[in-house]
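Participant: What follows is coords00.cif; its format and atoms are mmCIF, N, CA and C atoms.
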```
data_work
loop_
_atom_site.label_atom_id
_atom_site.label_comp_id
_atom_site.auth_asym_id
_atom_site.auth_seq_id
_atom_site.Cartn_x
_atom_site.Cartn_y
_atom_site.Cartn_z
N VAL A 842 139.52 117.97 94.40
CA VAL A 842 139.04 118.64 93.21
C VAL A 842 137.89 119.57 93.59
N MET A 843 137.55 120.42 92.69
CA MET A 843 136.40 121.31 92.86
C MET A 843 135.37 120.96 91.80
N LEU A 844 134.14 120.74 92.25
CA LEU A 844 133.04 120.51 91.32
C LEU A 844 132.28 121.82 91.18
N ARG A 845 132.16 122.32 89.98
CA ARG A 845 131.44 123.57 89.71
C ARG A 845 130.10 123.26 89.04
N ASN A 846 129.17 124.19 89.19
CA ASN A 846 127.83 124.07 88.59
C ASN A 846 127.00 122.97 89.23
N VAL A 847 127.17 122.78 90.53
CA VAL A 847 126.30 121.88 91.28
C VAL A 847 124.97 122.60 91.45
N PRO A 848 123.84 121.95 91.17
CA PRO A 848 122.55 122.63 91.35
C PRO A 848 122.41 123.17 92.78
N ASN A 849 121.95 124.41 92.89
CA ASN A 849 121.90 125.10 94.18
C ASN A 849 120.99 124.42 95.20
N ASN A 850 120.03 123.63 94.75
CA ASN A 850 119.15 122.94 95.68
C ASN A 850 119.67 121.56 96.08
N TYR A 851 120.82 121.18 95.56
CA TYR A 851 121.42 119.91 95.98
C TYR A 851 121.88 120.02 97.42
N THR A 852 121.66 118.95 98.16
CA THR A 852 122.14 118.87 99.53
C THR A 852 123.44 118.07 99.57
N ARG A 853 124.11 118.13 100.69
CA ARG A 853 125.33 117.33 100.83
C ARG A 853 124.99 115.85 100.66
N GLU A 854 123.88 115.41 101.22
CA GLU A 854 123.49 114.00 101.10
C GLU A 854 123.25 113.61 99.64
N MET A 855 122.62 114.50 98.88
CA MET A 855 122.40 114.24 97.45
C MET A 855 123.73 114.15 96.71
N LEU A 856 124.68 115.01 97.07
CA LEU A 856 125.99 114.97 96.43
C LEU A 856 126.72 113.68 96.76
N LEU A 857 126.68 113.25 98.02
CA LEU A 857 127.32 112.00 98.41
C LEU A 857 126.69 110.81 97.68
N THR A 858 125.38 110.83 97.55
CA THR A 858 124.68 109.77 96.82
C THR A 858 125.12 109.75 95.36
N LEU A 859 125.26 110.93 94.75
CA LEU A 859 125.72 111.03 93.37
C LEU A 859 127.13 110.47 93.23
N LEU A 860 128.03 110.87 94.11
CA LEU A 860 129.41 110.38 94.03
C LEU A 860 129.44 108.85 94.09
N ASP A 861 128.70 108.28 95.04
CA ASP A 861 128.68 106.82 95.18
C ASP A 861 128.04 106.15 93.97
N ALA A 862 126.96 106.74 93.45
CA ALA A 862 126.28 106.17 92.28
C ALA A 862 127.17 106.20 91.03
N GLN A 863 128.13 107.10 91.01
CA GLN A 863 129.05 107.19 89.88
C GLN A 863 130.27 106.28 90.06
N GLY A 864 130.20 105.40 91.06
CA GLY A 864 131.27 104.44 91.27
C GLY A 864 132.44 104.98 92.07
N LEU A 865 132.21 106.07 92.79
CA LEU A 865 133.30 106.72 93.52
C LEU A 865 133.29 106.45 95.02
N ALA A 866 132.42 105.55 95.47
CA ALA A 866 132.38 105.21 96.91
C ALA A 866 133.76 104.71 97.34
N GLY A 867 134.25 105.25 98.45
CA GLY A 867 135.56 104.87 98.95
C GLY A 867 136.71 105.56 98.25
N CYS A 868 136.42 106.37 97.24
CA CYS A 868 137.47 107.05 96.48
C CYS A 868 137.70 108.49 96.96
N TYR A 869 136.92 108.95 97.92
CA TYR A 869 137.08 110.31 98.46
C TYR A 869 137.14 110.24 99.98
N ASP A 870 137.83 111.23 100.57
CA ASP A 870 137.95 111.24 102.03
C ASP A 870 137.52 112.56 102.65
N PHE A 871 137.12 113.52 101.82
CA PHE A 871 136.66 114.82 102.31
C PHE A 871 135.65 115.37 101.30
N VAL A 872 134.52 115.88 101.80
CA VAL A 872 133.52 116.51 100.94
C VAL A 872 132.97 117.73 101.67
N TYR A 873 132.93 118.86 100.96
CA TYR A 873 132.32 120.07 101.53
C TYR A 873 131.55 120.78 100.43
N LEU A 874 130.27 121.02 100.70
CA LEU A 874 129.38 121.73 99.79
C LEU A 874 129.00 123.05 100.48
N PRO A 875 129.75 124.14 100.22
CA PRO A 875 129.47 125.41 100.89
C PRO A 875 128.03 125.88 100.66
N CYS A 876 127.49 126.52 101.69
CA CYS A 876 126.07 126.87 101.68
C CYS A 876 125.85 128.33 102.05
N ASP A 877 124.82 128.91 101.48
CA ASP A 877 124.33 130.23 101.86
C ASP A 877 123.26 130.00 102.92
N PHE A 878 123.55 130.37 104.15
CA PHE A 878 122.63 130.10 105.26
C PHE A 878 121.32 130.86 105.12
N TYR A 879 121.35 132.03 104.49
CA TYR A 879 120.13 132.82 104.34
C TYR A 879 119.13 132.15 103.39
N ARG A 880 119.66 131.57 102.32
CA ARG A 880 118.79 130.93 101.33
C ARG A 880 118.63 129.44 101.56
N ALA A 881 119.41 128.89 102.50
CA ALA A 881 119.43 127.44 102.72
C ALA A 881 119.68 126.71 101.40
N ALA A 882 120.65 127.21 100.64
CA ALA A 882 121.01 126.62 99.35
C ALA A 882 122.53 126.61 99.22
N ASN A 883 123.05 125.64 98.49
CA ASN A 883 124.50 125.62 98.31
C ASN A 883 124.92 126.70 97.31
N LEU A 884 126.21 126.96 97.26
CA LEU A 884 126.74 128.04 96.44
C LEU A 884 127.08 127.61 95.01
N GLY A 885 126.77 126.36 94.67
CA GLY A 885 126.98 125.90 93.30
C GLY A 885 128.31 125.23 93.05
N TYR A 886 129.08 125.00 94.10
CA TYR A 886 130.35 124.29 93.94
C TYR A 886 130.61 123.45 95.18
N ALA A 887 131.50 122.46 95.03
CA ALA A 887 131.85 121.57 96.14
C ALA A 887 133.32 121.23 96.07
N PHE A 888 133.89 120.96 97.22
CA PHE A 888 135.27 120.49 97.32
C PHE A 888 135.24 119.01 97.69
N VAL A 889 135.92 118.21 96.89
CA VAL A 889 135.98 116.77 97.12
C VAL A 889 137.44 116.35 97.03
N ASN A 890 137.97 115.79 98.11
CA ASN A 890 139.34 115.31 98.08
C ASN A 890 139.34 113.83 97.73
N MET A 891 140.02 113.50 96.65
CA MET A 891 140.10 112.12 96.21
C MET A 891 141.31 111.45 96.86
N VAL A 892 141.20 110.14 97.12
CA VAL A 892 142.22 109.46 97.91
C VAL A 892 143.54 109.22 97.16
N ASP A 893 143.50 109.21 95.82
CA ASP A 893 144.73 109.00 95.05
C ASP A 893 144.52 109.44 93.61
N GLY A 894 145.57 109.34 92.82
CA GLY A 894 145.52 109.78 91.43
C GLY A 894 144.52 109.02 90.58
N THR A 895 144.37 107.73 90.85
CA THR A 895 143.39 106.93 90.11
C THR A 895 141.98 107.45 90.39
N ALA A 896 141.72 107.80 91.65
CA ALA A 896 140.41 108.34 92.03
C ALA A 896 140.17 109.70 91.38
N VAL A 897 141.22 110.50 91.25
CA VAL A 897 141.09 111.80 90.57
C VAL A 897 140.68 111.57 89.12
N ASP A 898 141.36 110.64 88.45
CA ASP A 898 141.00 110.33 87.06
C ASP A 898 139.55 109.88 86.97
N ALA A 899 139.11 109.07 87.94
CA ALA A 899 137.74 108.53 87.92
C ALA A 899 136.71 109.63 88.11
N VAL A 900 136.94 110.56 89.03
CA VAL A 900 135.96 111.63 89.25
C VAL A 900 135.91 112.55 88.03
N TRP A 901 137.05 112.79 87.42
CA TRP A 901 137.08 113.64 86.22
C TRP A 901 136.27 112.99 85.11
N LYS A 902 136.48 111.70 84.91
CA LYS A 902 135.78 110.98 83.85
C LYS A 902 134.27 110.92 84.13
N ALA A 903 133.90 110.69 85.38
CA ALA A 903 132.49 110.52 85.74
C ALA A 903 131.71 111.83 85.77
N LEU A 904 132.34 112.92 86.21
CA LEU A 904 131.56 114.12 86.48
C LEU A 904 131.87 115.35 85.63
N ASP A 905 133.00 115.37 84.93
CA ASP A 905 133.25 116.53 84.07
C ASP A 905 132.31 116.43 82.87
N GLY A 906 131.40 117.38 82.76
CA GLY A 906 130.38 117.35 81.71
C GLY A 906 129.09 116.67 82.15
N PHE A 907 129.03 116.22 83.39
CA PHE A 907 127.84 115.53 83.92
C PHE A 907 126.64 116.48 83.96
N SER A 908 125.49 115.98 83.53
CA SER A 908 124.27 116.81 83.55
C SER A 908 123.02 116.01 83.94
N GLU A 909 123.18 114.80 84.39
CA GLU A 909 122.03 113.95 84.73
C GLU A 909 121.69 114.03 86.22
N TRP A 910 121.51 115.24 86.70
CA TRP A 910 121.22 115.49 88.10
C TRP A 910 119.87 114.87 88.49
N SER A 911 119.66 114.67 89.76
CA SER A 911 118.41 114.06 90.23
C SER A 911 117.27 115.07 90.35
N MET A 912 117.47 116.26 89.80
CA MET A 912 116.42 117.28 89.76
C MET A 912 116.56 118.05 88.45
N PRO A 913 115.48 118.66 88.00
CA PRO A 913 115.55 119.39 86.74
C PRO A 913 116.49 120.60 86.84
N THR A 914 117.45 120.67 85.95
CA THR A 914 118.38 121.79 85.88
C THR A 914 119.14 121.70 84.56
N SER A 915 119.61 122.83 84.09
CA SER A 915 120.42 122.84 82.88
C SER A 915 121.91 122.89 83.20
N LYS A 916 122.27 122.82 84.47
CA LYS A 916 123.67 122.93 84.87
C LYS A 916 124.48 121.73 84.40
N VAL A 917 125.70 122.02 83.97
CA VAL A 917 126.64 120.99 83.53
C VAL A 917 127.86 121.08 84.43
N CYS A 918 128.16 119.99 85.11
CA CYS A 918 129.27 119.96 86.07
C CYS A 918 130.61 120.14 85.37
N GLN A 919 131.46 120.91 86.03
CA GLN A 919 132.85 121.07 85.59
C GLN A 919 133.74 120.63 86.74
N VAL A 920 134.70 119.79 86.45
CA VAL A 920 135.66 119.34 87.46
C VAL A 920 136.95 120.11 87.23
N GLY A 921 137.52 120.62 88.32
CA GLY A 921 138.79 121.34 88.23
C GLY A 921 139.57 121.18 89.52
N TRP A 922 140.76 121.70 89.52
CA TRP A 922 141.57 121.66 90.74
C TRP A 922 141.08 122.74 91.68
N SER A 923 141.00 122.41 92.96
CA SER A 923 140.63 123.41 93.94
C SER A 923 141.90 124.10 94.42
N GLY A 924 141.78 125.36 94.69
CA GLY A 924 142.92 126.10 95.18
C GLY A 924 142.45 127.11 96.20
N PRO A 925 143.23 127.48 97.14
CA PRO A 925 144.63 127.08 97.30
C PRO A 925 144.80 125.78 98.07
N HIS A 926 143.72 125.15 98.51
CA HIS A 926 143.82 123.97 99.37
C HIS A 926 143.72 122.69 98.54
N GLN A 927 144.75 121.87 98.65
CA GLN A 927 144.79 120.57 97.99
C GLN A 927 145.19 119.53 99.02
N GLY A 928 144.52 118.42 99.04
CA GLY A 928 144.89 117.33 99.93
C GLY A 928 144.07 117.30 101.21
N PHE A 929 143.99 116.11 101.78
CA PHE A 929 143.18 115.89 102.97
C PHE A 929 143.60 116.80 104.13
N LYS A 930 144.88 116.82 104.45
CA LYS A 930 145.36 117.62 105.58
C LYS A 930 145.08 119.10 105.37
N ALA A 931 145.29 119.60 104.17
CA ALA A 931 145.04 121.02 103.89
C ALA A 931 143.57 121.37 104.11
N HIS A 932 142.67 120.48 103.71
CA HIS A 932 141.24 120.74 103.92
C HIS A 932 140.89 120.70 105.40
N ILE A 933 141.43 119.76 106.14
CA ILE A 933 141.19 119.68 107.58
C ILE A 933 141.69 120.96 108.25
N ASP A 934 142.92 121.34 107.92
CA ASP A 934 143.50 122.54 108.52
C ASP A 934 142.68 123.79 108.19
N ARG A 935 142.13 123.84 106.99
CA ARG A 935 141.33 124.99 106.56
C ARG A 935 140.01 125.08 107.32
N TYR A 936 139.35 123.95 107.56
CA TYR A 936 137.98 123.99 108.07
C TYR A 936 137.81 123.65 109.55
N ARG A 937 138.77 123.05 110.20
CA ARG A 937 138.55 122.62 111.58
C ARG A 937 138.27 123.78 112.54
N ASN A 938 138.80 124.96 112.26
CA ASN A 938 138.56 126.14 113.10
C ASN A 938 137.65 127.17 112.42
N SER A 939 137.01 126.77 111.35
CA SER A 939 136.15 127.65 110.58
C SER A 939 134.79 127.84 111.27
N PRO A 940 134.17 129.02 111.09
CA PRO A 940 132.83 129.22 111.63
C PRO A 940 131.81 128.17 111.19
N VAL A 941 132.02 127.53 110.04
CA VAL A 941 131.08 126.51 109.58
C VAL A 941 131.06 125.31 110.54
N MET A 942 132.09 125.16 111.35
CA MET A 942 132.15 124.06 112.31
C MET A 942 131.54 124.43 113.66
N HIS A 943 131.04 125.66 113.80
CA HIS A 943 130.43 126.09 115.06
C HIS A 943 129.22 125.23 115.40
N LYS A 944 128.97 125.04 116.68
CA LYS A 944 127.87 124.18 117.13
C LYS A 944 126.50 124.66 116.66
N SER A 945 126.37 125.94 116.29
CA SER A 945 125.08 126.46 115.82
C SER A 945 124.78 126.07 114.37
N VAL A 946 125.77 125.59 113.66
CA VAL A 946 125.61 125.22 112.25
C VAL A 946 125.10 123.78 112.17
N PRO A 947 123.97 123.57 111.50
CA PRO A 947 123.45 122.20 111.35
C PRO A 947 124.45 121.29 110.64
N ASP A 948 124.47 120.03 111.02
CA ASP A 948 125.43 119.08 110.47
C ASP A 948 125.43 119.04 108.95
N GLU A 949 124.25 119.14 108.33
CA GLU A 949 124.19 118.99 106.87
C GLU A 949 124.93 120.08 106.10
N TYR A 950 125.34 121.16 106.78
CA TYR A 950 126.09 122.23 106.14
C TYR A 950 127.59 122.13 106.37
N LYS A 951 128.01 121.15 107.14
CA LYS A 951 129.43 121.03 107.51
C LYS A 951 130.18 120.11 106.57
N PRO A 952 131.50 120.32 106.46
CA PRO A 952 132.31 119.36 105.72
C PRO A 952 132.32 118.02 106.44
N VAL A 953 132.52 116.97 105.68
CA VAL A 953 132.58 115.62 106.25
C VAL A 953 133.84 114.91 105.76
N ILE A 954 134.31 113.97 106.60
CA ILE A 954 135.48 113.17 106.22
C ILE A 954 135.12 111.70 106.26
N PHE A 955 135.89 110.92 105.51
CA PHE A 955 135.64 109.49 105.38
C PHE A 955 136.95 108.72 105.44
N LYS A 956 136.85 107.48 105.89
CA LYS A 956 137.97 106.54 105.86
C LYS A 956 137.40 105.24 105.31
N ASP A 957 137.93 104.79 104.19
CA ASP A 957 137.45 103.56 103.54
C ASP A 957 135.94 103.60 103.31
N GLY A 958 135.43 104.78 102.92
CA GLY A 958 134.02 104.92 102.59
C GLY A 958 133.10 105.13 103.77
N GLN A 959 133.61 105.10 104.99
CA GLN A 959 132.78 105.28 106.19
C GLN A 959 133.03 106.66 106.78
N ARG A 960 131.93 107.34 107.11
CA ARG A 960 132.07 108.68 107.69
C ARG A 960 132.76 108.58 109.05
N LYS A 961 133.64 109.51 109.29
CA LYS A 961 134.38 109.60 110.55
C LYS A 961 134.14 110.98 111.18
N ALA A 962 134.44 111.08 112.45
CA ALA A 962 134.30 112.36 113.15
C ALA A 962 135.35 113.34 112.63
N PHE A 963 134.92 114.58 112.43
CA PHE A 963 135.83 115.63 111.99
C PHE A 963 136.77 115.95 113.15
N PRO A 964 138.06 116.16 112.90
CA PRO A 964 138.98 116.51 113.99
C PRO A 964 138.51 117.75 114.75
N ARG A 965 138.71 117.71 116.05
CA ARG A 965 138.28 118.82 116.89
C ARG A 965 139.05 120.09 116.56
N PRO A 966 138.42 121.24 116.80
CA PRO A 966 139.12 122.51 116.56
C PRO A 966 140.34 122.65 117.48
N THR A 967 141.27 123.46 117.05
CA THR A 967 142.46 123.73 117.86
C THR A 967 142.35 125.07 118.58
N LYS A 968 141.27 125.80 118.30
CA LYS A 968 141.01 127.06 119.00
C LYS A 968 139.51 127.29 119.04
N LYS A 969 139.08 128.32 119.74
CA LYS A 969 137.66 128.61 119.86
C LYS A 969 137.09 128.97 118.48
N VAL A 970 136.00 128.31 118.12
CA VAL A 970 135.38 128.54 116.81
C VAL A 970 134.31 129.61 116.96
N LYS A 971 134.40 130.65 116.15
CA LYS A 971 133.41 131.73 116.17
C LYS A 971 132.16 131.30 115.41
N ALA A 972 131.02 131.81 115.85
CA ALA A 972 129.77 131.56 115.13
C ALA A 972 129.82 132.25 113.78
N PRO A 973 129.18 131.66 112.77
CA PRO A 973 129.15 132.31 111.46
C PRO A 973 128.32 133.58 111.50
N SER A 974 128.64 134.51 110.64
CA SER A 974 127.81 135.71 110.54
C SER A 974 126.53 135.32 109.84
N GLY A 975 125.42 135.79 110.33
CA GLY A 975 124.12 135.41 109.76
C GLY A 975 123.60 134.15 110.43
N ALA A 976 122.32 133.99 110.40
CA ALA A 976 121.69 132.85 111.06
C ALA A 976 121.67 131.64 110.13
N CYS A 977 121.74 130.48 110.73
CA CYS A 977 121.59 129.24 109.98
C CYS A 977 120.14 128.85 110.01
N LYS A 978 119.64 128.43 108.87
CA LYS A 978 118.24 128.00 108.79
C LYS A 978 118.12 126.54 109.16
#
```
Using structure tokens, write down the structure that the file contains.
Facilitator:
Amino acid sequence: VMLRNVPNNYTREMLLTLLDAQGLAGCYDFVYLPCDFYRAANLGYAFVNMVDGTAVDAVWKALDGFSEWSMPTSKVCQVGWSGPHQGFKAHIDRYRNSPVMHKSVPDEYKPVIFKDGQRKAFPRPTKKVKAPSGACK
């Protein structure tokens, strides 16, 4: 799914904490919070792959219309389908060779994967990963 209207100062760790606090621990296997490296802020949306249909229903119920962020903001979360990438494999294929996976990018800006609620190593790239344009803060 795609979460829209995530506060721009939210970090990936804050988003993961929110997901778990909403009872979704173990219900997702991929999370990516795209970031603007110049501002060191996220772009206001996140991609979260849920492990099954029940988990999709749970994230929709928990976060669509959510506004109780851990920081002051008037943003109201909207849950929707992400496109064109749906599913764990599609997300891995999309990001494993992406510049965001370059060694110069700090870990907190990278997508993460999980198995049974435990973080796992992201699959290695299948080709040389180019550095992102612009510097990472």
Participant: Counting only C-alpha atoms, which of A:Gly906, A:Gly885, A:Gly958, A:Pro964 gets nearest to A:Lys930?
Facilitator: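 Among A:Gly906, A:Gly885, A:Gly958, A:Pro964, it is A:Pro964 that comes nearest to A:Lys930.
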Participant: Find the residue from A:Lys961, A:Ala882, A:Ile933, A:Val892 that sits nearest to A:Tyr851; use only N, CA and C atoms when measuring.
Facilitator: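 Closest residue, counting only N, CA and C atoms: A:Ala882.
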Participant: Please list, as a list in words, the residues that have an atom at most 9 Å away from (135.7, 120.3, 91.0) in the coordinates of this file, counting only C-alpha atoms.
Facilitator: Val842, Met843, Leu844, Arg845, Tyr886, Ala887, Phe888, Val889, Val900, Trp901, Leu904, Asp905, Cys918, Gln919, Val920, Gly921, Trp922 and Ser923 of chain A
Participant: Which residue, A:Thr914, A:Gln959, A:Asn850, A:Asn938, has the smallest gap to A:Ala866 when you use only C-alpha atoms?
Facilitator: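 Distance minimum relative to A:Ala866 lands on A:Gln959.
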Participant: With 4 Å of padding per side, what axis-aligned box (centre and edge lengths, Å, one decimal) covers all the listed atoms of stretch 914-917 of chain A? Give it as AutoDock Vina command-line options.
Facilitator:
```
--center_x 122.7 --center_y 121.8 --center_z 84.4 --size_x 18.4 --size_y 10.3 --size_z 11.1
```
Participant: Calculated over only C-alpha atoms, which of the candidates A:Ser945, A:Thr858, A:Lys968, A:Phe955 has the smallest distance to A:Trp910?
Facilitator: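 Answer, going by the shortest atom-to-atom distance: A:Thr858.
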Participant: For a quick check of understanding, using only N, CA and C atoms, which of A:Ala972, A:Met891, A:Ile954, A:Leu860 has the smallest distance to A:Val941?
Facilitator: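 Nearest to A:Val941: A:Ala972.
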Participant: Evaluating the PyMOL selection byres ((chain A and resi 852-854) around 8) on the displayed file yields which residues, as a count of residues only?
Facilitator: 18
Participant: As an exercise, work out the distance from atom N of A:His943 to atom N of A:Phe963 in Å and give it to one decimal place.
Facilitator: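 Distance between the two atoms: 11.8 Å.
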Participant: Report, in Å to a single decimal, how far apart atom CA of A:Phe907 and atom C of A:Asp870 are.
Facilitator: 21.3 Å
Participant: Just how far from atom C of A:Met942 is atom CA of A:Tyr879, in Å to one decimal?
Facilitator: 17.0 Å
Participant: Apply DSSP to the structure's backbone, then extract all residues of chain A labelled alpha helix (DSSP H) and return them as a PyMOL selection string.
Facilitator: chain A and resi 853-860+894-904+929-936
Participant: Of the candidates A:Asp948, A:Arg935, A:Gly894, A:Tyr869, which shows the shortest atom-to-atom distance to A:Ala962, using only C-alpha atoms?
Facilitator: A:Asp948
Participant: For the structure I just gave you, how does DSSP split chain A - specifically, which residues are strand (DSSP E)? Reply as a short mmCIF file (atom, residue, chain, number, x, y, z; two decimals) with N, CA and C atoms, keeping the file's coordinate frame.
Facilitator:
```
data_model
loop_
_atom_site.label_atom_id
_atom_site.label_comp_id
_atom_site.auth_asym_id
_atom_site.auth_seq_id
_atom_site.Cartn_x
_atom_site.Cartn_y
_atom_site.Cartn_z
N MET A 843 137.55 120.42 92.69
CA MET A 843 136.40 121.31 92.86
C MET A 843 135.37 120.96 91.80
N LEU A 844 134.14 120.74 92.25
CA LEU A 844 133.04 120.51 91.32
C LEU A 844 132.28 121.82 91.18
N ARG A 845 132.16 122.32 89.98
CA ARG A 845 131.44 123.57 89.71
C ARG A 845 130.10 123.26 89.04
N TYR A 869 136.92 108.95 97.92
CA TYR A 869 137.08 110.31 98.46
C TYR A 869 137.14 110.24 99.98
N ASP A 870 137.83 111.23 100.57
CA ASP A 870 137.95 111.24 102.03
C ASP A 870 137.52 112.56 102.65
N PHE A 871 137.12 113.52 101.82
CA PHE A 871 136.66 114.82 102.31
C PHE A 871 135.65 115.37 101.30
N VAL A 872 134.52 115.88 101.80
CA VAL A 872 133.52 116.51 100.94
C VAL A 872 132.97 117.73 101.67
N TYR A 873 132.93 118.86 100.96
CA TYR A 873 132.32 120.07 101.53
C TYR A 873 131.55 120.78 100.43
N CYS A 876 127.49 126.52 101.69
CA CYS A 876 126.07 126.87 101.68
C CYS A 876 125.85 128.33 102.05
N ASP A 877 124.82 128.91 101.48
CA ASP A 877 124.33 130.23 101.86
C ASP A 877 123.26 130.00 102.92
N ALA A 882 120.65 127.21 100.64
CA ALA A 882 121.01 126.62 99.35
C ALA A 882 122.53 126.61 99.22
N ASN A 883 123.05 125.64 98.49
CA ASN A 883 124.50 125.62 98.31
C ASN A 883 124.92 126.70 97.31
N TYR A 886 129.08 125.00 94.10
CA TYR A 886 130.35 124.29 93.94
C TYR A 886 130.61 123.45 95.18
N ALA A 887 131.50 122.46 95.03
CA ALA A 887 131.85 121.57 96.14
C ALA A 887 133.32 121.23 96.07
N PHE A 888 133.89 120.96 97.22
CA PHE A 888 135.27 120.49 97.32
C PHE A 888 135.24 119.01 97.69
N VAL A 889 135.92 118.21 96.89
CA VAL A 889 135.98 116.77 97.12
C VAL A 889 137.44 116.35 97.03
N ASN A 890 137.97 115.79 98.11
CA ASN A 890 139.34 115.31 98.08
C ASN A 890 139.34 113.83 97.73
N MET A 891 140.02 113.50 96.65
CA MET A 891 140.10 112.12 96.21
C MET A 891 141.31 111.45 96.86
N GLN A 919 131.46 120.91 86.03
CA GLN A 919 132.85 121.07 85.59
C GLN A 919 133.74 120.63 86.74
N VAL A 920 134.70 119.79 86.45
CA VAL A 920 135.66 119.34 87.46
C VAL A 920 136.95 120.11 87.23
N GLY A 921 137.52 120.62 88.32
CA GLY A 921 138.79 121.34 88.23
C GLY A 921 139.57 121.18 89.52
N VAL A 953 132.52 116.97 105.68
CA VAL A 953 132.58 115.62 106.25
C VAL A 953 133.84 114.91 105.76
N ILE A 954 134.31 113.97 106.60
CA ILE A 954 135.48 113.17 106.22
C ILE A 954 135.12 111.70 106.26
N PHE A 955 135.89 110.92 105.51
CA PHE A 955 135.64 109.49 105.38
C PHE A 955 136.95 108.72 105.44
N LYS A 956 136.85 107.48 105.89
CA LYS A 956 137.97 106.54 105.86
C LYS A 956 137.40 105.24 105.31
N GLN A 959 133.61 105.10 104.99
CA GLN A 959 132.78 105.28 106.19
C GLN A 959 133.03 106.66 106.78
N ARG A 960 131.93 107.34 107.11
CA ARG A 960 132.07 108.68 107.69
C ARG A 960 132.76 108.58 109.05
N LYS A 961 133.64 109.51 109.29
CA LYS A 961 134.38 109.60 110.55
C LYS A 961 134.14 110.98 111.18
#
```
Participant: Please return stretch 962-967 of chain A, rebuilt to all heavy atoms, as an mmCIF file, in the frame of the given file.
Facilitator:
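Written output follows (selection-v2.cif):
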```
data_model
loop_
_atom_site.group_PDB
_atom_site.id
_atom_site.type_symbol
_atom_site.label_atom_id
_atom_site.label_comp_id
_atom_site.auth_asym_id
_atom_site.auth_seq_id
_atom_site.Cartn_x
_atom_site.Cartn_y
_atom_site.Cartn_z
ATOM 1 N N ALA A 962 134.440 111.080 112.450
ATOM 2 C CA ALA A 962 134.300 112.360 113.150
ATOM 3 C C ALA A 962 135.350 113.340 112.630
ATOM 4 O O ALA A 962 136.503 112.970 112.425
ATOM 5 C CB ALA A 962 134.462 112.170 114.649
ATOM 6 N N PHE A 963 134.920 114.580 112.430
ATOM 7 C CA PHE A 963 135.830 115.630 111.990
ATOM 8 C C PHE A 963 136.770 115.950 113.150
ATOM 9 O O PHE A 963 136.322 116.008 114.302
ATOM 10 C CB PHE A 963 135.039 116.871 111.577
ATOM 11 C CG PHE A 963 135.731 117.701 110.543
ATOM 12 C CD1 PHE A 963 135.531 117.462 109.196
ATOM 13 C CD2 PHE A 963 136.593 118.725 110.910
ATOM 14 C CE1 PHE A 963 136.170 118.224 108.224
ATOM 15 C CE2 PHE A 963 137.242 119.491 109.958
ATOM 16 C CZ PHE A 963 137.025 119.235 108.607
ATOM 17 N N PRO A 964 138.060 116.160 112.900
ATOM 18 C CA PRO A 964 138.980 116.510 113.990
ATOM 19 C C PRO A 964 138.510 117.750 114.750
ATOM 20 O O PRO A 964 137.991 118.691 114.158
ATOM 21 C CB PRO A 964 140.300 116.775 113.268
ATOM 22 C CG PRO A 964 140.206 115.974 112.008
ATOM 23 C CD PRO A 964 138.748 116.042 111.616
ATOM 24 N N ARG A 965 138.710 117.710 116.050
ATOM 25 C CA ARG A 965 138.280 118.820 116.890
ATOM 26 C C ARG A 965 139.050 120.090 116.560
ATOM 27 O O ARG A 965 140.190 120.030 116.105
ATOM 28 C CB ARG A 965 138.480 118.442 118.361
ATOM 29 C CG ARG A 965 137.613 117.244 118.762
ATOM 30 C CD ARG A 965 137.693 116.902 120.226
ATOM 31 N NE ARG A 965 137.405 117.984 121.140
ATOM 32 C CZ ARG A 965 136.183 118.454 121.408
ATOM 33 N NH1 ARG A 965 135.136 117.940 120.814
ATOM 34 N NH2 ARG A 965 136.013 119.435 122.270
ATOM 35 N N PRO A 966 138.420 121.240 116.800
ATOM 36 C CA PRO A 966 139.120 122.510 116.560
ATOM 37 C C PRO A 966 140.340 122.650 117.480
ATOM 38 O O PRO A 966 140.390 122.033 118.548
ATOM 39 C CB PRO A 966 138.077 123.570 116.894
ATOM 40 C CG PRO A 966 136.844 122.868 117.297
ATOM 41 C CD PRO A 966 137.081 121.405 117.295
ATOM 42 N N THR A 967 141.270 123.460 117.050
ATOM 43 C CA THR A 967 142.460 123.730 117.860
ATOM 44 C C THR A 967 142.350 125.070 118.580
ATOM 45 O O THR A 967 143.248 125.430 119.337
ATOM 46 C CB THR A 967 143.730 123.711 116.985
ATOM 47 O OG1 THR A 967 143.587 124.676 115.954
ATOM 48 C CG2 THR A 967 143.937 122.323 116.382
#
```
